[in-house]
>>> print(open('query28.cif').read())   # mmCIF, C-alpha atoms
data_data
loop_
_atom_site.label_atom_id
_atom_site.label_comp_id
_atom_site.auth_asym_id
_atom_site.auth_seq_id
_atom_site.Cartn_x
_atom_site.Cartn_y
_atom_site.Cartn_z
CA MET A 279 -49.69 -37.67 133.95
CA GLU A 280 -47.59 -38.11 130.84
CA ILE A 281 -47.78 -41.89 131.13
CA LYS A 282 -51.57 -41.86 131.70
CA ILE A 283 -52.09 -39.76 128.56
CA GLU A 284 -49.82 -42.07 126.60
CA GLU A 285 -51.91 -45.04 127.74
CA ASP A 286 -55.05 -43.29 126.50
CA ILE A 287 -53.39 -42.47 123.17
CA LEU A 288 -52.34 -46.10 122.73
CA LYS A 289 -55.84 -47.32 123.63
CA VAL A 290 -57.54 -45.07 121.06
CA ASN A 291 -54.87 -46.02 118.53
CA LYS A 292 -55.54 -49.72 119.10
CA GLU A 293 -59.27 -49.23 118.48
CA ILE A 294 -58.67 -47.46 115.17
CA SER A 295 -56.05 -50.06 114.23
CA ASP A 296 -58.52 -52.90 114.89
CA GLU A 297 -61.07 -51.21 112.62
CA LEU A 298 -58.47 -50.78 109.89
CA ASN A 299 -57.44 -54.41 110.24
CA LYS A 300 -61.07 -55.49 109.72
CA ILE A 301 -61.33 -53.34 106.59
CA PHE A 302 -58.10 -54.77 105.17
CA SER A 303 -59.09 -58.36 106.02
CA ASN A 304 -62.56 -57.96 104.48
CA LYS A 305 -60.98 -56.63 101.29
CA LYS A 306 -58.45 -59.49 101.41
CA ILE A 307 -55.53 -57.07 101.46
CA PHE A 308 -52.42 -58.38 103.25
CA VAL A 309 -50.79 -55.49 105.13
CA VAL A 310 -47.16 -55.39 106.31
CA ASN A 311 -45.76 -52.66 108.59
CA ILE A 312 -42.07 -52.19 107.71
CA MET A 313 -39.97 -50.60 110.44
CA GLY A 314 -36.24 -49.98 111.00
CA SER A 315 -33.54 -47.38 111.63
CA PRO A 316 -32.91 -44.56 109.15
CA GLY A 317 -30.93 -46.02 106.27
CA SER A 318 -31.45 -49.68 107.16
CA GLY A 319 -32.72 -50.28 103.63
CA LYS A 320 -36.51 -50.30 103.93
CA THR A 321 -37.09 -48.61 100.57
CA ALA A 322 -34.43 -50.72 98.85
CA LEU A 323 -36.23 -53.81 100.18
CA LEU A 324 -39.51 -52.49 98.76
CA GLU A 325 -37.89 -51.94 95.36
CA ALA A 326 -36.61 -55.52 95.25
CA THR A 327 -39.96 -56.82 96.52
CA ILE A 328 -42.19 -54.95 94.11
CA GLU A 329 -40.00 -56.03 91.20
CA LYS A 330 -40.70 -59.65 92.12
CA LEU A 331 -44.40 -59.35 92.97
CA GLN A 332 -45.78 -56.70 90.62
CA LYS A 333 -46.83 -59.11 87.85
CA GLU A 334 -48.77 -61.42 90.09
CA PHE A 335 -50.21 -59.00 92.66
CA LYS A 336 -51.75 -55.55 92.87
CA ILE A 337 -49.44 -53.73 95.24
CA GLY A 338 -49.83 -50.56 97.26
CA VAL A 339 -47.37 -48.61 99.39
CA ILE A 340 -47.96 -46.04 102.10
CA GLU A 341 -44.72 -44.10 102.58
CA GLY A 342 -44.15 -42.59 106.02
CA ASP A 343 -41.58 -39.83 106.41
CA ILE A 344 -41.23 -36.78 108.60
CA GLU A 345 -40.42 -34.64 105.58
CA THR A 346 -39.98 -35.13 101.80
CA ASP A 347 -41.55 -37.54 99.34
CA LEU A 348 -38.19 -38.87 98.12
CA ASP A 349 -39.11 -42.52 98.76
CA LYS A 350 -42.45 -42.14 97.03
CA LYS A 351 -40.63 -40.72 94.00
CA ARG A 352 -38.13 -43.59 94.16
CA LEU A 353 -40.97 -46.12 93.92
CA SER A 354 -42.96 -44.23 91.29
CA LYS A 355 -41.18 -46.18 88.52
CA PHE A 356 -43.48 -49.08 89.40
CA PRO A 357 -47.12 -49.25 88.23
CA ILE A 358 -48.44 -49.40 91.80
CA GLN A 359 -50.54 -47.22 94.09
CA ILE A 360 -48.36 -45.06 96.37
CA VAL A 361 -49.40 -42.44 98.89
CA GLN A 362 -47.24 -40.35 101.20
CA ILE A 363 -47.74 -39.43 104.85
CA ASN A 364 -45.51 -36.65 106.18
CA THR A 365 -45.55 -36.45 109.96
CA GLY A 366 -43.81 -33.07 109.79
CA ARG A 367 -47.39 -31.75 109.76
CA PHE A 368 -48.12 -33.68 112.97
CA ASP A 369 -45.50 -32.15 115.26
CA SER A 370 -42.81 -34.34 113.60
CA GLU A 371 -44.21 -37.55 115.08
CA CYS A 372 -41.51 -40.24 115.19
CA HIS A 373 -43.96 -42.96 114.11
CA LEU A 374 -47.08 -43.48 112.04
CA ASN A 375 -50.32 -44.07 113.91
CA ALA A 376 -53.63 -45.68 113.00
CA GLN A 377 -55.42 -42.33 112.58
CA MET A 378 -52.90 -41.23 109.94
CA ILE A 379 -53.52 -44.47 108.00
CA SER A 380 -57.28 -44.06 108.36
CA ASP A 381 -57.09 -40.47 107.10
CA ILE A 382 -55.13 -41.39 103.98
CA LEU A 383 -57.15 -44.51 103.12
CA PRO A 384 -59.60 -42.68 100.79
CA LYS A 385 -56.63 -41.95 98.51
CA LEU A 386 -56.16 -45.68 97.85
CA ASN A 387 -58.44 -47.83 95.74
CA LEU A 388 -58.75 -50.79 98.11
CA ASP A 389 -60.66 -52.86 95.55
CA LYS A 390 -57.50 -52.94 93.47
CA LEU A 391 -55.05 -54.06 96.13
CA ASP A 392 -53.74 -57.47 97.18
CA ILE A 393 -50.76 -56.44 99.28
CA LEU A 394 -50.16 -53.14 101.08
CA PHE A 395 -46.74 -52.26 102.45
CA ILE A 396 -46.54 -49.44 104.98
CA GLU A 397 -43.02 -48.02 105.33
CA ASN A 398 -42.86 -46.48 108.78
CA ILE A 399 -40.68 -43.57 109.97
CA GLY A 400 -36.99 -44.53 110.28
CA ASN A 401 -36.79 -45.21 114.00
CA LEU A 402 -36.05 -48.26 116.18
CA VAL A 403 -38.06 -46.96 119.13
CA CYS A 404 -41.40 -45.20 118.66
CA PRO A 405 -43.09 -47.17 115.84
CA ALA A 406 -42.97 -50.39 117.92
CA GLU A 407 -45.83 -49.25 120.15
CA PHE A 408 -48.35 -48.19 117.51
CA ASP A 409 -50.42 -50.75 115.62
CA ILE A 410 -51.55 -49.39 112.26
CA GLY A 411 -54.01 -52.04 111.08
CA GLU A 412 -51.30 -54.37 109.79
CA HIS A 413 -51.34 -58.17 109.71
CA LYS A 414 -47.59 -58.44 110.24
CA LYS A 415 -44.83 -56.22 111.59
CA ILE A 416 -41.26 -56.56 110.37
CA VAL A 417 -38.02 -54.76 111.07
CA VAL A 418 -35.19 -54.20 108.59
CA LEU A 419 -31.81 -54.10 110.31
CA SER A 420 -28.57 -53.40 108.48
CA VAL A 421 -25.42 -55.33 109.41
CA THR A 422 -23.64 -51.96 109.71
CA GLU A 423 -25.80 -51.19 112.77
CA GLY A 424 -23.99 -53.72 114.97
CA GLU A 425 -24.92 -56.94 116.75
CA ASP A 426 -26.20 -55.29 119.94
CA LYS A 427 -29.29 -53.56 118.60
CA PRO A 428 -31.90 -56.17 119.63
CA LEU A 429 -30.66 -55.94 123.23
CA LYS A 430 -30.67 -52.13 123.18
CA TYR A 431 -34.06 -51.76 121.48
CA PRO A 432 -35.98 -54.76 122.87
CA SER A 433 -39.50 -53.25 122.49
CA MET A 434 -39.06 -53.23 118.72
CA PHE A 435 -37.72 -56.76 118.55
CA ARG A 436 -40.50 -58.04 120.83
CA ALA A 437 -43.17 -56.41 118.65
CA ILE A 438 -42.21 -57.93 115.32
CA ASP A 439 -42.94 -61.14 113.42
CA LEU A 440 -39.87 -61.07 111.18
CA THR A 441 -36.39 -59.53 111.21
CA ILE A 442 -34.79 -58.89 107.85
CA ILE A 443 -31.02 -58.56 108.21
CA ASN A 444 -29.97 -56.42 105.25
CA LYS A 445 -26.72 -55.37 103.54
CA ILE A 446 -25.00 -58.75 103.91
CA ASP A 447 -22.99 -57.70 100.82
CA LEU A 448 -20.97 -55.56 103.27
CA LEU A 449 -20.10 -58.45 105.61
CA ASN A 450 -16.59 -58.80 104.20
CA HIS A 451 -15.82 -55.15 104.87
CA ILE A 452 -16.91 -54.79 108.48
CA ASP A 453 -16.23 -56.40 111.85
CA PHE A 454 -19.51 -58.12 112.34
CA ASP A 455 -20.67 -61.39 113.87
CA LEU A 456 -23.87 -62.45 112.10
CA GLU A 457 -24.44 -65.42 114.41
CA LEU A 458 -24.18 -63.17 117.47
CA LEU A 459 -26.81 -60.83 116.00
CA LYS A 460 -29.16 -63.77 115.38
CA LYS A 461 -28.56 -65.02 118.91
CA ASN A 462 -29.36 -61.56 120.31
CA ILE A 463 -32.56 -61.32 118.25
CA LEU A 464 -33.76 -64.71 119.50
CA LYS A 465 -32.79 -63.85 123.07
CA VAL A 466 -35.26 -60.94 122.98
CA ASN A 467 -37.91 -62.75 120.90
CA PRO A 468 -37.57 -66.53 120.54
CA ARG A 469 -40.49 -66.75 118.08
CA VAL A 470 -39.31 -64.22 115.52
CA LYS A 471 -38.33 -65.35 112.03
CA ILE A 472 -35.00 -64.15 110.61
CA ILE A 473 -34.10 -63.74 106.95
CA THR A 474 -30.72 -62.42 105.76
CA ILE A 475 -30.66 -60.50 102.48
CA SER A 476 -28.82 -58.03 100.32
CA ALA A 477 -31.47 -55.76 98.82
CA LYS A 478 -28.74 -54.17 96.69
CA GLU A 479 -27.47 -57.44 95.22
CA LYS A 480 -30.95 -59.05 95.31
CA LYS A 481 -29.72 -61.91 97.49
CA GLY A 482 -32.11 -63.75 99.79
CA ILE A 483 -35.14 -61.92 98.37
CA ASN A 484 -36.92 -65.17 97.50
CA LEU A 485 -36.99 -66.21 101.15
CA TRP A 486 -38.74 -62.96 101.99
CA ILE A 487 -41.12 -63.34 99.04
CA ASN A 488 -42.01 -66.84 100.26
CA TRP A 489 -42.64 -65.43 103.73
CA ILE A 490 -45.03 -62.86 102.22
CA LEU A 491 -46.89 -65.44 100.13
CA LYS A 492 -47.27 -67.85 103.03
CA ASN A 493 -48.52 -65.17 105.44
CA GLN A 494 -50.75 -63.56 102.84
CA LYS A 495 -52.48 -66.92 102.38
CA ASN A 496 -52.93 -67.38 106.13
CA SER A 497 -54.34 -63.90 106.66
CA SER A 498 -57.09 -64.10 104.02
CA MET B 230 -54.16 -31.35 123.87
CA GLU B 231 -51.20 -33.59 123.09
CA ILE B 232 -49.35 -30.68 121.52
CA LYS B 233 -50.09 -28.35 124.45
CA ILE B 234 -48.73 -30.90 126.92
CA GLU B 235 -45.66 -31.40 124.74
CA GLU B 236 -45.07 -27.63 124.77
CA ASP B 237 -45.25 -27.65 128.57
CA ILE B 238 -42.86 -30.60 128.76
CA LEU B 239 -40.38 -28.82 126.47
CA LYS B 240 -40.66 -25.60 128.52
CA VAL B 241 -39.93 -27.36 131.80
CA ASN B 242 -37.12 -29.28 130.12
CA LYS B 243 -35.58 -26.03 128.86
CA GLU B 244 -35.59 -24.55 132.36
CA ILE B 245 -33.81 -27.58 133.84
CA SER B 246 -31.40 -27.62 130.91
CA ASP B 247 -30.53 -23.95 131.46
CA GLU B 248 -29.77 -24.68 135.12
CA LEU B 249 -27.57 -27.63 134.16
CA ASN B 250 -25.77 -25.50 131.61
CA LYS B 251 -24.99 -22.93 134.31
CA ILE B 252 -23.62 -25.64 136.61
CA PHE B 253 -21.42 -27.07 133.84
CA SER B 254 -20.18 -23.61 132.79
CA ASN B 255 -19.36 -22.62 136.39
CA LYS B 256 -17.38 -25.82 136.80
CA LYS B 257 -15.69 -25.18 133.42
CA ILE B 258 -16.90 -28.49 132.06
CA PHE B 259 -17.43 -28.55 128.27
CA VAL B 260 -20.49 -30.69 127.50
CA VAL B 261 -21.28 -32.29 124.13
CA ASN B 262 -24.58 -34.02 123.34
CA ILE B 263 -23.86 -36.80 120.81
CA MET B 264 -26.86 -37.91 118.78
CA GLY B 265 -27.42 -40.19 115.77
CA SER B 266 -29.21 -43.27 114.45
CA PRO B 267 -28.72 -46.69 116.04
CA GLY B 268 -25.37 -48.02 114.83
CA SER B 269 -24.09 -44.76 113.33
CA GLY B 270 -20.93 -45.13 115.41
CA LYS B 271 -21.42 -42.88 118.43
CA THR B 272 -19.65 -45.22 120.85
CA ALA B 273 -16.85 -45.95 118.36
CA LEU B 274 -16.35 -42.19 118.03
CA LEU B 275 -16.15 -41.90 121.81
CA GLU B 276 -13.55 -44.67 121.96
CA ALA B 277 -11.35 -42.91 119.38
CA THR B 278 -11.88 -39.56 121.12
CA ILE B 279 -11.10 -40.67 124.66
CA GLU B 280 -7.96 -42.40 123.44
CA LYS B 281 -6.73 -39.06 122.10
CA LEU B 282 -7.85 -36.82 124.98
CA GLN B 283 -7.49 -38.93 128.12
CA LYS B 284 -3.94 -37.86 128.93
CA GLU B 285 -4.61 -34.16 128.70
CA PHE B 286 -8.19 -33.92 130.01
CA LYS B 287 -10.39 -35.41 132.71
CA ILE B 288 -13.21 -36.96 130.74
CA GLY B 289 -16.69 -38.10 131.70
CA VAL B 290 -19.36 -39.94 129.74
CA ILE B 291 -23.09 -40.25 130.35
CA GLU B 292 -24.35 -43.23 128.35
CA GLY B 293 -27.98 -43.13 127.30
CA ASP B 294 -29.69 -46.34 126.23
CA ILE B 295 -33.18 -47.74 126.47
CA GLU B 296 -31.84 -51.02 127.83
CA THR B 297 -28.41 -52.55 128.62
CA ASP B 298 -25.13 -51.02 129.75
CA LEU B 299 -23.16 -52.52 126.85
CA ASP B 300 -21.71 -49.15 125.79
CA LYS B 301 -20.71 -48.29 129.34
CA LYS B 302 -18.89 -51.62 129.57
CA ARG B 303 -17.25 -50.95 126.20
CA LEU B 304 -15.82 -47.67 127.54
CA SER B 305 -14.86 -49.02 130.95
CA LYS B 306 -11.36 -49.84 129.63
CA PHE B 307 -10.61 -46.12 129.97
CA PRO B 308 -9.79 -44.48 133.31
CA ILE B 309 -12.73 -42.07 133.05
CA GLN B 310 -15.98 -41.41 134.88
CA ILE B 311 -18.92 -43.19 133.19
CA VAL B 312 -22.55 -43.36 134.27
CA GLN B 313 -25.47 -45.06 132.57
CA ILE B 314 -29.03 -43.84 132.05
CA ASN B 315 -31.54 -46.49 130.91
CA THR B 316 -34.77 -44.95 129.68
CA GLY B 317 -36.43 -48.40 129.79
CA ARG B 318 -37.37 -47.32 133.33
CA PHE B 319 -38.99 -44.17 131.91
CA ASP B 320 -41.58 -45.74 129.59
CA SER B 321 -38.78 -46.42 127.03
CA GLU B 322 -38.30 -42.74 126.25
CA CYS B 323 -36.70 -42.30 122.81
CA HIS B 324 -34.44 -39.48 124.05
CA LEU B 325 -32.65 -38.25 127.14
CA ASN B 326 -34.09 -35.20 128.88
CA ALA B 327 -32.67 -32.61 131.25
CA GLN B 328 -34.31 -34.14 134.34
CA MET B 329 -32.58 -37.48 133.69
CA ILE B 330 -29.23 -35.68 133.50
CA SER B 331 -30.00 -33.69 136.64
CA ASP B 332 -30.95 -36.88 138.52
CA ILE B 333 -27.73 -38.68 137.61
CA LEU B 334 -25.40 -35.74 138.23
CA PRO B 335 -24.67 -36.64 141.90
CA LYS B 336 -23.00 -39.82 140.59
CA LEU B 337 -20.34 -37.73 138.82
CA ASN B 338 -17.54 -35.84 140.54
CA LEU B 339 -17.87 -32.57 138.65
CA ASP B 340 -14.73 -31.14 140.24
CA LYS B 341 -12.74 -33.77 138.37
CA LEU B 342 -14.14 -33.21 134.89
CA ASP B 343 -13.00 -31.08 131.96
CA ILE B 344 -15.12 -32.56 129.19
CA LEU B 345 -18.42 -34.46 129.48
CA PHE B 346 -19.81 -36.39 126.53
CA ILE B 347 -23.46 -37.40 126.67
CA GLU B 348 -24.31 -40.24 124.27
CA ASN B 349 -28.00 -39.91 123.55
CA ILE B 350 -30.47 -42.68 122.58
CA GLY B 351 -29.94 -43.93 119.02
CA ASN B 352 -32.61 -41.96 117.20
CA LEU B 353 -32.64 -39.28 114.48
CA VAL B 354 -35.95 -37.78 115.62
CA CYS B 355 -36.77 -37.37 119.31
CA PRO B 356 -33.45 -36.24 120.88
CA ALA B 357 -33.37 -33.14 118.64
CA GLU B 358 -36.03 -31.36 120.68
CA PHE B 359 -34.62 -31.86 124.17
CA ASP B 360 -31.77 -29.70 125.46
CA ILE B 361 -29.83 -31.49 128.20
CA GLY B 362 -27.55 -28.74 129.49
CA GLU B 363 -25.00 -29.18 126.73
CA HIS B 364 -22.79 -26.51 125.14
CA LYS B 365 -22.83 -28.19 121.74
CA LYS B 366 -25.00 -30.72 119.93
CA ILE B 367 -23.55 -33.02 117.29
CA VAL B 368 -24.92 -35.81 115.13
CA VAL B 369 -22.99 -38.85 113.94
CA LEU B 370 -24.23 -40.08 110.58
CA SER B 371 -22.89 -43.18 108.86
CA VAL B 372 -22.36 -43.18 105.09
CA THR B 373 -24.38 -46.42 104.98
CA GLU B 374 -27.48 -44.43 105.98
CA GLY B 375 -27.75 -42.71 102.60
CA GLU B 376 -27.49 -39.13 101.32
CA ASP B 377 -31.13 -38.20 101.93
CA LYS B 378 -31.21 -38.30 105.74
CA PRO B 379 -30.76 -34.53 106.37
CA LEU B 380 -33.79 -33.82 104.15
CA LYS B 381 -35.89 -36.53 105.82
CA TYR B 382 -34.91 -35.62 109.41
CA PRO B 383 -34.51 -31.85 109.20
CA SER B 384 -35.28 -31.10 112.89
CA MET B 385 -32.16 -32.98 113.90
CA PHE B 386 -29.94 -31.30 111.33
CA ARG B 387 -31.30 -27.87 112.24
CA ALA B 388 -30.60 -28.46 115.94
CA ILE B 389 -26.94 -29.38 115.68
CA ASP B 390 -23.62 -27.52 115.57
CA LEU B 391 -21.59 -30.26 113.89
CA THR B 392 -22.23 -33.28 111.68
CA ILE B 393 -19.72 -36.09 111.85
CA ILE B 394 -19.94 -38.28 108.76
CA ASN B 395 -18.64 -41.67 109.90
CA LYS B 396 -17.59 -44.97 108.28
CA ILE B 397 -15.88 -43.40 105.27
CA ASP B 398 -13.78 -46.59 105.18
CA LEU B 399 -16.87 -48.18 103.56
CA LEU B 400 -17.12 -45.61 100.75
CA ASN B 401 -15.51 -47.95 98.19
CA HIS B 402 -18.05 -50.67 98.90
CA ILE B 403 -21.32 -48.75 98.64
CA ASP B 404 -23.15 -46.52 96.16
CA PHE B 405 -22.82 -43.25 97.96
CA ASP B 406 -22.32 -39.64 96.92
CA LEU B 407 -20.48 -37.87 99.75
CA GLU B 408 -20.77 -34.44 98.10
CA LEU B 409 -24.53 -34.85 97.75
CA LEU B 410 -24.81 -35.68 101.47
CA LYS B 411 -22.81 -32.55 102.36
CA LYS B 412 -25.00 -30.47 100.05
CA ASN B 413 -28.14 -31.86 101.70
CA ILE B 414 -26.78 -31.13 105.19
CA LEU B 415 -26.00 -27.52 104.26
CA LYS B 416 -29.37 -27.12 102.54
CA VAL B 417 -31.09 -27.83 105.87
CA ASN B 418 -28.55 -25.97 108.03
CA PRO B 419 -26.09 -23.65 106.25
CA ARG B 420 -24.15 -22.90 109.45
CA VAL B 421 -23.37 -26.46 110.50
CA LYS B 422 -19.78 -27.74 110.47
CA ILE B 423 -19.06 -31.06 108.75
CA ILE B 424 -16.22 -33.45 109.51
CA THR B 425 -15.73 -36.79 107.73
CA ILE B 426 -14.12 -39.60 109.69
CA SER B 427 -13.59 -43.32 110.04
CA ALA B 428 -13.80 -44.08 113.73
CA LYS B 429 -12.76 -47.66 112.95
CA GLU B 430 -9.61 -46.69 111.02
CA LYS B 431 -9.00 -43.57 113.15
CA LYS B 432 -9.14 -41.30 110.12
CA GLY B 433 -10.16 -37.65 110.46
CA ILE B 434 -10.23 -37.88 114.26
CA ASN B 435 -7.81 -34.97 114.64
CA LEU B 436 -10.25 -32.59 112.91
CA TRP B 437 -12.87 -33.54 115.48
CA ILE B 438 -10.38 -33.23 118.34
CA ASN B 439 -9.49 -29.73 117.11
CA TRP B 440 -13.19 -28.85 116.99
CA ILE B 441 -13.55 -29.98 120.62
CA LEU B 442 -10.50 -28.03 121.79
CA LYS B 443 -11.58 -24.85 120.01
CA ASN B 444 -15.14 -24.99 121.33
CA GLN B 445 -14.06 -26.01 124.80
CA LYS B 446 -11.93 -22.88 124.96
CA ASN B 447 -14.79 -20.67 123.75
CA SER B 448 -17.28 -22.09 126.23
CA SER B 449 -15.17 -21.58 129.36
#
>>> encode(input="query28.cif", output="structure tokens")
Amino acid sequence: MEIKIEEDILKVNKEISDELNKIFSNKKIFVVNIMGSPGSGKTALLEATIEKLQKEFKIGVIEGDIETDLDKKRLSKFPIQIVQINTGRFDSECHLNAQMISDILPKLNLDKLDILFIENIGNLVCPAEFDIGEHKKIVVLSVTEGEDKPLKYPSMFRAIDLTIINKIDLLNHIDFDLELLKKNILKVNPRVKIITISAKEKKGINLWINWILKNQKNSS
Amino acid sequence: MEIKIEEDILKVNKEISDELNKIFSNKKIFVVNIMGSPGSGKTALLEATIEKLQKEFKIGVIEGDIETDLDKKRLSKFPIQIVQINTGRFDSECHLNAQMISDILPKLNLDKLDILFIENIGNLVCPAEFDIGEHKKIVVLSVTEGEDKPLKYPSMFRAIDLTIINKIDLLNHIDFDLELLKKNILKVNPRVKIITISAKEKKGINLWINWILKNQKNSS
């Protein structure tokens, strides 16, 4: 029974997500769903990204967290539109869903947006199953998480278009085989793109910016 | 409706967990549920722990993963009982539950166990709600995950008896305020114990071993 209900939930979610995707596409807003473990560096990536793109593009962020608006506050130094979803109100859901995005949409001025980033709940499992109207799904994975994560969390790595490997500034201080991680990612999903960065030291950010620009063009 | 069904699921889970707890207590097996984000160092902690305890105690491990038995293989160098649960078979559940533990119990010789560690799915959200017959719940949190995690994932930090802060060997290489993390943990749960360790460099392990020995005594 549990599985049947989950199928129904996913079906309804997909319908709402498809509607959202139409709205975003009509408004020519490129939407990226950013997923990853707690502490993988999703917000740090957004900081580095907004810094680069804010002059040229009108940027929006939907911050997803179970509790707190710490990440929203962290990004409030930028002149962008930011709204917060706290799933603590929704039985501490471990992922955002399309209905939550739909409900918060009136708080954003869509006519003044080119790119919308949605930072999902920190979790390598649940968010993979729920489309939220996005054009692209990415995962941020820190090198401190180990090389085996794609094999252990294959649903996530199958769902995404791009893996960002973050915190490469720590590579000299940990036992970590970057090539093995890449091999494991491609074993689970041979079509996924991989970009290695250090959000902290702003390394590799241009590759990610180029990925955004290229995909934004294709989606509009 | 979703919430009602979840309440029912949690109620049934609690009943099975209580039965398991009775079985473990009767057999004088001390059971610890180890939770934490992907890559926080749960398996590394187990390696350091088993090394210390294997001579004196008969140890068992239940490994929980969505896919793969990589962690089981990693621990197979020790002369202990290890069994694997893969939730990939159960609709990729993001947590272990009491029924899964009950189902796998026949594979363990309970008469030859003093301490049983259950390594849960890497996730700071879902496992917090599901008792699995354990005497104590702990979370392993890596310093690379940031100081804000207790505030963002309060259900987990409210559920646990002990926080192990891991990877302190990386403290010199990251911007991280250890005291702020401790403050945030205690803000969410004033009664929780905190131990800082480096599983990699085997630092602080004795504090954790002492915690196990003390609580093992109290539970039997």
>>> closest_residue(input="query28.cif", among="A:Ile438, A:Ile490, A:Leu288, A:Ile483", to="A:Ala376", atoms="all atoms listed in the file")
A:Leu288
>>> closest_atom_pairs(input="query28.cif", of="chain B", to="chain A", cutoff="9 Å", atoms="only C-alpha atoms", output="Markdown table")
| residue | atom | partner | partner_atom | distance |
| --- | --- | --- | --- | --- |
| B:Glu231 | CA | A:Ile283 | CA | 8.3 |
| B:Ile232 | CA | A:Asp369 | CA | 7.5 |
| B:Ile234 | CA | A:Glu280 | CA | 8.3 |
| B:Ser266 | CA | A:Pro316 | CA | 6.6 |
| B:Pro267 | CA | A:Glu423 | CA | 6.3 |
| B:Gly268 | CA | A:Glu423 | CA | 3.8 |
| B:Ser269 | CA | A:Glu423 | CA | 6.7 |
| B:Gly270 | CA | A:Glu423 | CA | 8.2 |
| B:Asp294 | CA | A:Lys430 | CA | 6.6 |
| B:Ile295 | CA | A:Lys430 | CA | 6.0 |
| B:Glu296 | CA | A:Lys430 | CA | 4.9 |
| B:Thr297 | CA | A:Lys430 | CA | 5.9 |
| B:Asp298 | CA | A:Lys430 | CA | 8.7 |
| B:Leu299 | CA | A:Asp426 | CA | 8.0 |
| B:Asp320 | CA | A:Ile281 | CA | 7.5 |
| B:Ser321 | CA | A:Val403 | CA | 8.0 |
| B:Glu322 | CA | A:Val403 | CA | 8.3 |
| B:Cys323 | CA | A:Val403 | CA | 6.1 |
| B:Gly351 | CA | A:Leu402 | CA | 8.0 |
| B:Asn352 | CA | A:Asn401 | CA | 6.2 |
| B:Leu353 | CA | A:Asn401 | CA | 7.3 |
| B:Val354 | CA | A:Cys372 | CA | 6.1 |
| B:Cys355 | CA | A:Cys372 | CA | 6.9 |
| B:Ser371 | CA | A:Thr422 | CA | 8.9 |
| B:Thr373 | CA | A:Gly317 | CA | 6.7 |
| B:Glu374 | CA | A:Gly317 | CA | 3.8 |
| B:Gly375 | CA | A:Gly317 | CA | 5.9 |
| B:Asp377 | CA | A:Leu348 | CA | 8.1 |
| B:Lys378 | CA | A:Pro316 | CA | 7.3 |
| B:Leu380 | CA | A:Thr346 | CA | 6.7 |
| B:Lys381 | CA | A:Glu345 | CA | 4.9 |
| B:Tyr382 | CA | A:Ile344 | CA | 6.5 |
| B:Pro383 | CA | A:Glu345 | CA | 7.5 |
| B:Ser384 | CA | A:Ser370 | CA | 8.2 |
| B:Asp398 | CA | A:His451 | CA | 8.8 |
| B:Leu399 | CA | A:His451 | CA | 7.2 |
| B:His402 | CA | A:Leu448 | CA | 7.2 |
| B:Ile403 | CA | A:Leu448 | CA | 8.2 |
>>> write_last_selection(input="query28.cif", atoms="C-alpha atoms", output="compact mmCIF listing (two decimals), in the frame of the given file")
# COMPACT_ATOMS: atom_id res chain seq x y z
CA GLU B 231 -51.20 -33.59 123.09
CA ILE B 232 -49.35 -30.68 121.52
CA ILE B 234 -48.73 -30.90 126.92
CA SER B 266 -29.21 -43.27 114.45
CA PRO B 267 -28.72 -46.69 116.04
CA GLY B 268 -25.37 -48.02 114.83
CA SER B 269 -24.09 -44.76 113.33
CA GLY B 270 -20.93 -45.13 115.41
CA ASP B 294 -29.69 -46.34 126.23
CA ILE B 295 -33.18 -47.74 126.47
CA GLU B 296 -31.84 -51.02 127.83
CA THR B 297 -28.41 -52.55 128.62
CA ASP B 298 -25.13 -51.02 129.75
CA LEU B 299 -23.16 -52.52 126.85
CA ASP B 320 -41.58 -45.74 129.59
CA SER B 321 -38.78 -46.42 127.03
CA GLU B 322 -38.30 -42.74 126.25
CA CYS B 323 -36.70 -42.30 122.81
CA GLY B 351 -29.94 -43.93 119.02
CA ASN B 352 -32.61 -41.96 117.20
CA LEU B 353 -32.64 -39.28 114.48
CA VAL B 354 -35.95 -37.78 115.62
CA CYS B 355 -36.77 -37.37 119.31
CA SER B 371 -22.89 -43.18 108.86
CA THR B 373 -24.38 -46.42 104.98
CA GLU B 374 -27.48 -44.43 105.98
CA GLY B 375 -27.75 -42.71 102.60
CA ASP B 377 -31.13 -38.20 101.93
CA LYS B 378 -31.21 -38.30 105.74
CA LEU B 380 -33.79 -33.82 104.15
CA LYS B 381 -35.89 -36.53 105.82
CA TYR B 382 -34.91 -35.62 109.41
CA PRO B 383 -34.51 -31.85 109.20
CA SER B 384 -35.28 -31.10 112.89
CA ASP B 398 -13.78 -46.59 105.18
CA LEU B 399 -16.87 -48.18 103.56
CA HIS B 402 -18.05 -50.67 98.90
CA ILE B 403 -21.32 -48.75 98.64
>>> resolve_selection(input="query28.cif", expression="the PyMOL selection byres ((chain A and resi 408) around 7)", output="number ranges by chain")
A: 288, 291, 375, 405-407, 409-410
>>> atom_distance(input="query28.cif", atom1="atom CA of A:Ile443", atom2="atom CA of A:Leu331")
20.3 Å
>>> axis_aligned_box(input="query28.cif", around="stretch 372-386 of chain A", padding_each_side="8 Å", output="AutoDock Vina command-line options")
--center_x -50.6 --center_y -43.0 --center_z 106.5 --size_x 34.1 --size_y 21.4 --size_z 33.3
>>> resolve_selection(input="query28.cif", expression="the PyMOL selection byres ((chain A and resi 296) around 9)", output="ChimeraX atom specification")
/A:291-295,297-301,376,409-412
>>> closest_residue(input="query28.cif", among="B:Leu275, B:Leu415, B:Leu304, B:Leu409", to="B:Phe346", atoms="only C-alpha atoms")
B:Leu275
>>> residues_near_point(input="query28.cif", point="(-41.1, -66.3, 117.7)", cutoff="12 Å", atoms="all atoms listed in the file", output="ChimeraX atom specification")
/A:435-441,463-472
